[in-house]
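Enquirer: I am sharing work_18.cif, which consists of mmCIF, C-alpha atoms (C1' of nucleotides):
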data_my_file
#
loop_
_atom_site.label_atom_id
_atom_site.label_comp_id
_atom_site.auth_asym_id
_atom_site.auth_seq_id
_atom_site.Cartn_x
_atom_site.Cartn_y
_atom_site.Cartn_z
CA MET E 17 84.98 102.24 99.43
CA PHE E 18 87.21 99.53 97.98
CA LEU E 19 88.94 96.64 99.68
CA ALA E 20 92.35 95.39 98.64
CA PRO E 21 95.57 94.15 100.20
CA ALA E 22 97.37 97.46 100.67
CA LEU E 23 94.23 99.05 102.10
CA GLU E 24 93.87 96.25 104.63
CA VAL E 25 97.51 96.34 105.65
CA ALA E 26 98.04 100.11 105.81
CA PRO E 27 96.14 100.80 109.05
CA LEU E 28 97.66 97.70 110.65
CA LEU E 29 101.14 99.15 110.17
CA LEU E 30 100.34 102.18 112.32
CA GLY E 31 102.11 101.80 115.66
CA ALA E 32 104.31 98.95 114.35
CA ARG E 33 108.06 99.10 114.99
CA LEU E 34 110.54 98.90 112.13
CA THR E 35 114.15 98.41 113.16
CA VAL E 36 117.00 98.73 110.67
CA SER E 37 120.54 97.75 111.55
CA GLY E 38 122.88 100.34 110.13
CA HIS E 39 125.60 98.25 108.56
CA LEU E 40 124.31 98.39 104.97
CA ASN E 41 124.62 102.17 104.92
CA ARG E 42 128.20 102.89 103.95
CA GLN E 43 128.03 106.66 104.31
CA HIS E 44 126.45 106.63 107.75
CA PRO E 45 126.68 103.24 109.45
CA GLY E 46 125.71 102.96 113.07
CA VAL E 47 123.71 101.21 115.75
CA PRO E 48 120.20 99.99 114.86
CA VAL E 49 117.47 102.62 114.57
CA THR E 50 113.85 101.83 115.46
CA LEU E 51 110.86 103.64 113.99
CA ARG E 52 107.34 103.64 115.44
CA ILE E 53 105.21 104.08 112.32
CA THR E 54 102.67 106.92 112.53
CA GLU E 55 101.71 107.65 108.90
CA VAL E 56 101.30 105.46 105.80
CA GLU E 57 99.72 105.47 102.33
CA ALA E 58 98.32 102.58 100.29
CA TYR E 59 99.04 102.19 96.56
CA HIS E 60 97.47 99.70 94.13
CA GLY E 61 99.00 98.20 91.06
CA VAL E 62 98.61 95.58 88.37
CA GLY E 63 96.56 92.56 89.42
CA THR E 64 95.21 94.09 92.60
CA PRO E 65 91.42 94.08 93.11
CA GLY E 66 89.98 97.58 93.23
CA PRO E 67 90.01 100.71 91.08
CA TYR E 68 92.78 101.83 88.73
CA ASP E 69 95.23 103.80 90.87
CA ALA E 70 96.83 106.46 88.65
CA GLY E 71 99.06 107.52 91.54
CA SER E 72 100.84 104.20 91.78
CA HIS E 73 104.24 103.46 90.27
CA SER E 74 102.92 100.00 89.34
CA ARG E 75 99.63 101.19 87.85
CA ASP E 76 100.27 99.91 84.33
CA ARG E 77 103.03 97.34 84.17
CA ARG E 78 106.18 96.00 85.66
CA THR E 79 109.28 98.07 84.95
CA GLU E 80 112.85 97.97 86.18
CA ARG E 81 112.04 100.62 88.75
CA ASN E 82 108.95 99.02 90.30
CA ALA E 83 110.03 95.38 89.91
CA SER E 84 110.20 94.66 93.63
CA MET E 85 106.59 95.77 94.03
CA PHE E 86 105.73 92.66 92.01
CA GLY E 87 107.87 90.52 94.32
CA PRO E 88 106.87 88.63 97.43
CA PRO E 89 104.75 90.43 100.06
CA GLY E 90 106.47 91.62 103.20
CA HIS E 91 109.48 92.79 101.24
CA ALA E 92 110.70 96.35 100.66
CA TYR E 93 110.10 98.47 97.59
CA VAL E 94 112.57 101.38 97.75
CA TYR E 95 112.42 104.09 95.10
CA PHE E 96 114.35 107.25 94.37
CA SER E 97 112.40 110.46 94.20
CA TYR E 98 112.90 114.05 93.05
CA GLY E 99 116.58 113.54 92.48
CA MET E 100 117.42 113.48 96.17
CA HIS E 101 115.23 111.27 98.33
CA PHE E 102 114.60 107.59 98.89
CA ALA E 103 111.27 106.25 100.13
CA ILE E 104 110.31 102.80 101.41
CA ASN E 105 107.16 100.73 100.88
CA MET E 106 106.06 97.38 102.24
CA VAL E 107 104.93 95.13 99.40
CA CYS E 108 101.44 93.74 100.16
CA SER E 109 100.17 91.62 97.30
CA PRO E 110 101.05 88.10 96.15
CA GLU E 111 104.08 87.70 93.91
CA GLY E 112 103.27 88.70 90.33
CA THR E 113 100.76 91.35 91.39
CA ALA E 114 101.52 94.79 92.77
CA SER E 115 100.42 96.82 95.75
CA GLY E 116 102.27 98.44 98.58
CA VAL E 117 102.16 100.69 101.61
CA LEU E 118 104.41 103.75 101.68
CA ILE E 119 105.85 104.48 105.11
CA ARG E 120 105.49 108.27 105.31
CA ALA E 121 106.44 109.14 108.88
CA GLY E 122 107.17 107.84 112.35
CA GLU E 123 108.72 108.43 115.73
CA ILE E 124 112.33 107.39 116.32
CA VAL E 125 112.17 105.30 119.50
CA ALA E 126 115.76 103.97 119.46
CA GLY E 127 118.98 105.12 117.85
CA ALA E 128 117.99 108.79 117.72
CA GLU E 129 121.60 109.95 117.73
CA VAL E 130 122.48 107.95 114.62
CA ALA E 131 119.26 109.05 112.94
CA ARG E 132 120.03 112.68 113.69
CA SER E 133 123.59 112.46 112.41
CA ARG E 134 122.30 111.00 109.12
CA ARG E 135 119.61 113.68 108.80
CA GLU E 136 121.96 116.52 109.61
CA ALA E 137 124.80 115.32 107.38
CA GLY E 138 125.49 117.88 104.70
CA ARG E 139 123.27 120.58 106.14
CA SER E 140 124.44 123.55 108.12
CA SER E 141 121.28 124.89 109.75
CA ASN E 142 119.42 124.43 113.02
CA PRO E 143 119.34 121.11 114.88
CA ILE E 144 116.38 118.90 113.97
CA PRO E 145 113.71 118.45 116.68
CA ASP E 146 113.06 114.83 117.71
CA HIS E 147 109.56 114.74 116.23
CA GLN E 148 110.90 115.76 112.81
CA LEU E 149 113.63 113.14 112.53
CA ALA E 150 111.40 110.85 110.45
CA ARG E 151 108.64 113.24 109.31
CA GLY E 152 108.03 112.63 105.60
CA PRO E 153 108.98 109.60 103.50
CA GLY E 154 112.33 111.00 102.38
CA ASN E 155 113.24 111.70 105.98
CA VAL E 156 112.15 108.22 107.10
CA ALA E 157 114.58 106.62 104.66
CA SER E 158 117.32 109.07 105.59
CA ALA E 159 116.94 108.54 109.34
CA LEU E 160 116.88 104.76 108.96
CA GLY E 161 119.81 104.74 106.52
CA ILE E 162 117.76 103.12 103.74
CA THR E 163 118.85 103.43 100.09
CA ARG E 164 117.58 101.80 96.91
CA PRO E 165 120.80 100.02 95.92
CA SER E 166 121.25 98.43 99.33
CA HIS E 167 117.70 97.79 100.59
CA ASP E 168 115.29 97.45 97.62
CA GLY E 169 113.62 94.04 97.49
CA LEU E 170 114.82 92.85 100.90
CA ASP E 171 112.60 90.98 103.38
CA LEU E 172 111.26 93.37 106.04
CA PHE E 173 111.06 90.51 108.53
CA ALA E 174 114.73 89.52 108.29
CA ALA E 175 118.08 91.24 108.77
CA PRO E 176 118.88 94.05 108.24
CA PHE E 177 115.20 94.78 108.88
CA ASP E 178 113.01 93.73 111.81
CA LEU E 179 109.31 94.66 111.51
CA ARG E 180 107.02 93.96 114.46
CA ALA E 181 103.36 94.75 115.00
CA ALA E 182 102.50 96.67 118.14
CA PRO E 183 99.18 97.53 119.80
CA LEU E 184 97.90 101.01 119.12
CA GLY E 185 96.25 101.40 122.54
CA SER E 186 93.65 104.14 122.69
CA LYS E 187 95.07 106.07 119.74
CA LYS E 188 92.69 106.83 116.92
CA ILE E 189 93.36 106.29 113.21
CA ALA E 190 92.51 109.06 110.77
CA SER E 191 92.40 108.81 106.98
CA GLY E 192 92.29 111.13 103.99
CA PRO E 193 93.64 111.82 100.48
CA ARG E 194 97.26 110.99 99.73
CA VAL E 195 99.98 113.63 99.73
CA GLY E 196 101.18 115.09 96.44
CA VAL E 197 99.18 112.68 94.26
CA SER E 198 97.75 114.48 91.23
CA GLY E 199 94.40 114.01 89.53
CA GLU E 200 91.45 111.99 90.81
CA ALA E 201 93.80 109.55 92.53
CA GLY E 202 94.70 112.36 94.92
CA SER E 203 91.08 113.21 95.69
CA ALA E 204 88.80 112.25 98.57
CA ARG E 205 87.65 109.31 96.45
CA PHE E 206 90.97 107.70 97.36
CA PRO E 207 91.24 108.20 101.14
CA TRP E 208 94.25 105.93 101.22
CA ARG E 209 96.46 107.89 103.62
CA PHE E 210 96.27 106.74 107.24
CA TRP E 211 97.82 108.34 110.30
CA ILE E 212 97.68 108.32 114.09
CA GLU E 213 95.47 111.24 115.00
CA GLY E 214 97.22 114.07 116.82
CA ASP E 215 100.70 112.59 116.59
CA PRO E 216 103.33 115.33 116.13
CA THR E 217 105.49 113.19 113.84
CA VAL E 218 102.82 113.04 111.10
CA SER E 219 103.84 115.07 108.04
CA ALA E 220 101.97 118.06 106.64
CA TYR E 221 99.32 117.51 103.97
CA ARG E 222 100.08 118.92 100.55
CA PRO E 223 97.56 118.47 97.72
CA GLY E 224 98.64 117.25 94.30
CA ARG E 225 98.01 119.09 91.05
CA ASN E 226 94.66 119.05 89.26
CA VAL E 227 92.87 117.30 92.10
CA PRO E 228 89.08 117.47 91.58
CA LYS E 229 86.69 118.12 94.44
"C1'" DT V 25 100.89 131.11 109.13
"C1'" DT V 26 100.81 130.08 104.36
"C1'" DA V 27 102.88 130.16 99.70
"C1'" DT V 28 106.51 129.67 96.51
"C1'" DC V 29 110.68 127.94 94.72
"C1'" DG V 30 115.19 125.60 93.95
"C1'" DA V 31 117.88 121.38 94.31
"C1'" DT V 32 118.91 117.11 91.65
"C1'" DT V 33 118.42 112.69 88.88
"C1'" DC V 34 115.82 108.74 87.80
"C1'" DT V 35 112.20 106.73 84.80
"C1'" DC V 36 109.36 106.45 81.15
"C1'" DT V 37 107.43 108.60 76.84
"C1'" DG F 3 112.54 115.93 77.47
"C1'" DA F 4 108.97 116.22 81.03
"C1'" DG F 5 107.51 115.19 85.27
"C1'" DA F 6 107.96 113.14 89.70
"C1'" DA F 7 104.39 109.18 96.00
"C1'" DT F 8 109.82 115.53 98.44
"C1'" DC F 9 112.13 118.68 101.56
"C1'" DG F 10 113.63 122.82 103.53
"C1'" DA F 11 114.69 127.63 103.04
"C1'" DT F 12 112.93 131.93 102.13
"C1'" DA F 13 109.40 135.31 101.14
"C1'" DA F 14 105.00 137.18 101.80
"C1'" DA F 15 100.97 138.31 104.40
#
If you took the structure in this file and wrote it as structure tokens, what would it be?
Expert:
Amino acid sequence: MFLAPALEVAPLLLGARLTVSGHLNRQHPGVPVTLRITEVEAYHGVGTPGPYDAGSHSRDRRTERNASMFGPPGHAYVYFSYGMHFAINMVCSPEGTASGVLIRAGEIVAGAEVARSRREAGRSSNPIPDHQLARGPGNVASALGITRPSHDGLDLFAAPFDLRAAPLGSKKIASGPRVGVSGEAGSARFPWRFWIEGDPTVSAYRPGRNVPK
DNA sequence: TTATCGATTCTCT
DNA sequence: GAGAATCGATAAA
């Protein structure tokens, strides 16, 4: 087991509340939406103590895409994925080094109507159940109205964000391999996914390709 | 219930 | 040009 910034921070984010005021989202502005975080993943990058993390965007060097992961801790790294989704990370390591925690899922505890209208925009099928409003990293960003051009690199502890720790109570934390990460980095040797056990908002596990036992 | 597949575009090789 | 830290619909079992 390895110890490094993102790995220390990831479990602490479970149960925390992330509020995003909607005004930066031009397509779907609205009242603030608050997420109770229930699932996260840690990623290591350049300059972070611990093993080489082949699943990390910042595994080798700084690029235009991952630049904010090398920025100050406590800020957002927002990336665009699979041609259609955004996902948000909290940067964890000192400026100049890279590590982050991907916010994978949560429960919408305020602003559910705005979140639902953003999620359902452009789709014509069944209404989305409450527990699926922010299930999966792409859905988290969608429900909160987060995009790369408007939110990448911003401080998570200042407007339009407001991140606050919250006690987890009697809930238990579970951990396991990360979702969709290929190769050894997606194996049980990297149990860097953390979630609140039994919570219905936690996303489904999907193994990456070529993951060894 | 589980498996497969298409959508869509950015990033790096 | 290939692959990607995904999602949701549809098909199969």
Enquirer: Measuring atom to atom with all atoms listed in the file, identify which of E:Ala220, E:Lys229, E:Val117, E:Tyr68 is nearest to F:DC9.
Expert: E:Ala220
Enquirer: Which residues are near F:DA13? Cut-off 12 Å, only C-alpha atoms (C1' of nucleotides), ignore same chain within fewer than 5 positions. Put them as a PyMOL selection string.
Expert: chain V and resi 26-29
Enquirer: Would you kindly return, as a list in words, each protein, DNA or RNA residue with an atom no farther than 12 Å from any atom of E:Arg164, considering all atoms listed in the file and excluding same-chain residues fewer than 2 positions away?
Expert: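 Skipping anything fewer than 2 positions along the chain leaves Leu40, Asn41, Arg81, Asn82, Ser84, Ala92, Tyr93, Val94, Tyr95, Phe96, Ser97, Met100, His101, Phe102, Ala103, Ile104, Asn105, Gly154, Ala157, Ser158, Gly161, Ile162, Ser166, His167, Asp168, Gly169 and Leu170 of chain E; DC34 of chain V.
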Enquirer: Using only C-alpha atoms (C1' of nucleotides), find the residues of chain V whose closest atom to chain E is at most 10 Å away, then write them as an NGL selection string.
Expert: :V and (31-36)
Enquirer: Would you mind listing, as a ChimeraX atom specification, all residues of chain F that have at least one atom within 10 Å of chain E, where only C-alpha atoms (C1' of nucleotides) are what counts?
Expert: /F:5-9,11
Enquirer: Report, in Å with one decimal, the straight-line distance from atom CA of E:Val56 to atom CA of E:Ala182.
Expert: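 So the two atoms, atom CA of E:Val56 and atom CA of E:Ala182, lie 15.2 Å apart.
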Enquirer: Residues at most 9 Å from E:Ser133, counting all atoms listed in the file, excluding those fewer than 5 positions away in the same chain, as a ChimeraX atom specification?
Expert: /E:44,128,159
Enquirer: Can you sort out the box for stretch 4-15 of chain F, edges along x, y and z, all listed atoms in, 4 Å on every side, with centre and edge lengths in Å to one decimal, as lines of an AutoDock Vina configuration file?
Expert:
center_x = 107.8
center_y = 123.7
center_z = 92.7
size_x = 21.7
size_y = 37.1
size_z = 31.4
Enquirer: What is the distance, in Å and to one decimal place, between atom CA of E:Pro193 and atom CA of E:Val62?
Expert: 20.9 Å
Enquirer: Please measure the separation of atom CA of E:Ala201 and atom CA of E:Glu111, giving the value in Å to one decimal.
Expert: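 Taking atom CA of E:Ala201 and atom CA of E:Glu111, their separation equals 24.2 Å.
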Enquirer: Run the PyMOL selection byres ((chain E and resi 48) around 12) mentally over the shown coordinates, then write out the matched residues as an NGL selection string, using the chain letters and numbers from the document.
Expert: :E and (34-41 or 44-47 or 49-51 or 124-131 or 159-162 or 175-178)
Enquirer: Store the residues picked out above, limited to C-alpha atoms, as a PDB file, keeping the file's coordinate frame.
Expert:
ATOM      1  CA  LEU E  34     110.540  98.900 112.130  1.00  0.00           C
ATOM      2  CA  THR E  35     114.150  98.410 113.160  1.00  0.00           C
ATOM      3  CA  VAL E  36     117.000  98.730 110.670  1.00  0.00           C
ATOM      4  CA  SER E  37     120.540  97.750 111.550  1.00  0.00           C
ATOM      5  CA  GLY E  38     122.880 100.340 110.130  1.00  0.00           C
ATOM      6  CA  HIS E  39     125.600  98.250 108.560  1.00  0.00           C
ATOM      7  CA  LEU E  40     124.310  98.390 104.970  1.00  0.00           C
ATOM      8  CA  ASN E  41     124.620 102.170 104.920  1.00  0.00           C
ATOM      9  CA  HIS E  44     126.450 106.630 107.750  1.00  0.00           C
ATOM     10  CA  PRO E  45     126.680 103.240 109.450  1.00  0.00           C
ATOM     11  CA  GLY E  46     125.710 102.960 113.070  1.00  0.00           C
ATOM     12  CA  VAL E  47     123.710 101.210 115.750  1.00  0.00           C
ATOM     13  CA  VAL E  49     117.470 102.620 114.570  1.00  0.00           C
ATOM     14  CA  THR E  50     113.850 101.830 115.460  1.00  0.00           C
ATOM     15  CA  LEU E  51     110.860 103.640 113.990  1.00  0.00           C
ATOM     16  CA  ILE E 124     112.330 107.390 116.320  1.00  0.00           C
ATOM     17  CA  VAL E 125     112.170 105.300 119.500  1.00  0.00           C
ATOM     18  CA  ALA E 126     115.760 103.970 119.460  1.00  0.00           C
ATOM     19  CA  GLY E 127     118.980 105.120 117.850  1.00  0.00           C
ATOM     20  CA  ALA E 128     117.990 108.790 117.720  1.00  0.00           C
ATOM     21  CA  GLU E 129     121.600 109.950 117.730  1.00  0.00           C
ATOM     22  CA  VAL E 130     122.480 107.950 114.620  1.00  0.00           C
ATOM     23  CA  ALA E 131     119.260 109.050 112.940  1.00  0.00           C
ATOM     24  CA  ALA E 159     116.940 108.540 109.340  1.00  0.00           C
ATOM     25  CA  LEU E 160     116.880 104.760 108.960  1.00  0.00           C
ATOM     26  CA  GLY E 161     119.810 104.740 106.520  1.00  0.00           C
ATOM     27  CA  ILE E 162     117.760 103.120 103.740  1.00  0.00           C
ATOM     28  CA  ALA E 175     118.080  91.240 108.770  1.00  0.00           C
ATOM     29  CA  PRO E 176     118.880  94.050 108.240  1.00  0.00           C
ATOM     30  CA  PHE E 177     115.200  94.780 108.880  1.00  0.00           C
ATOM     31  CA  ASP E 178     113.010  93.730 111.810  1.00  0.00           C
TER      32      ASP E 178
END
Enquirer: So which residues get picked by the PyMOL selection byres ((chain E and resi 114) around 8) here, written as a PyMOL selection string?
Expert: chain E and resi 60-64+74+85-87+107-113+115-116
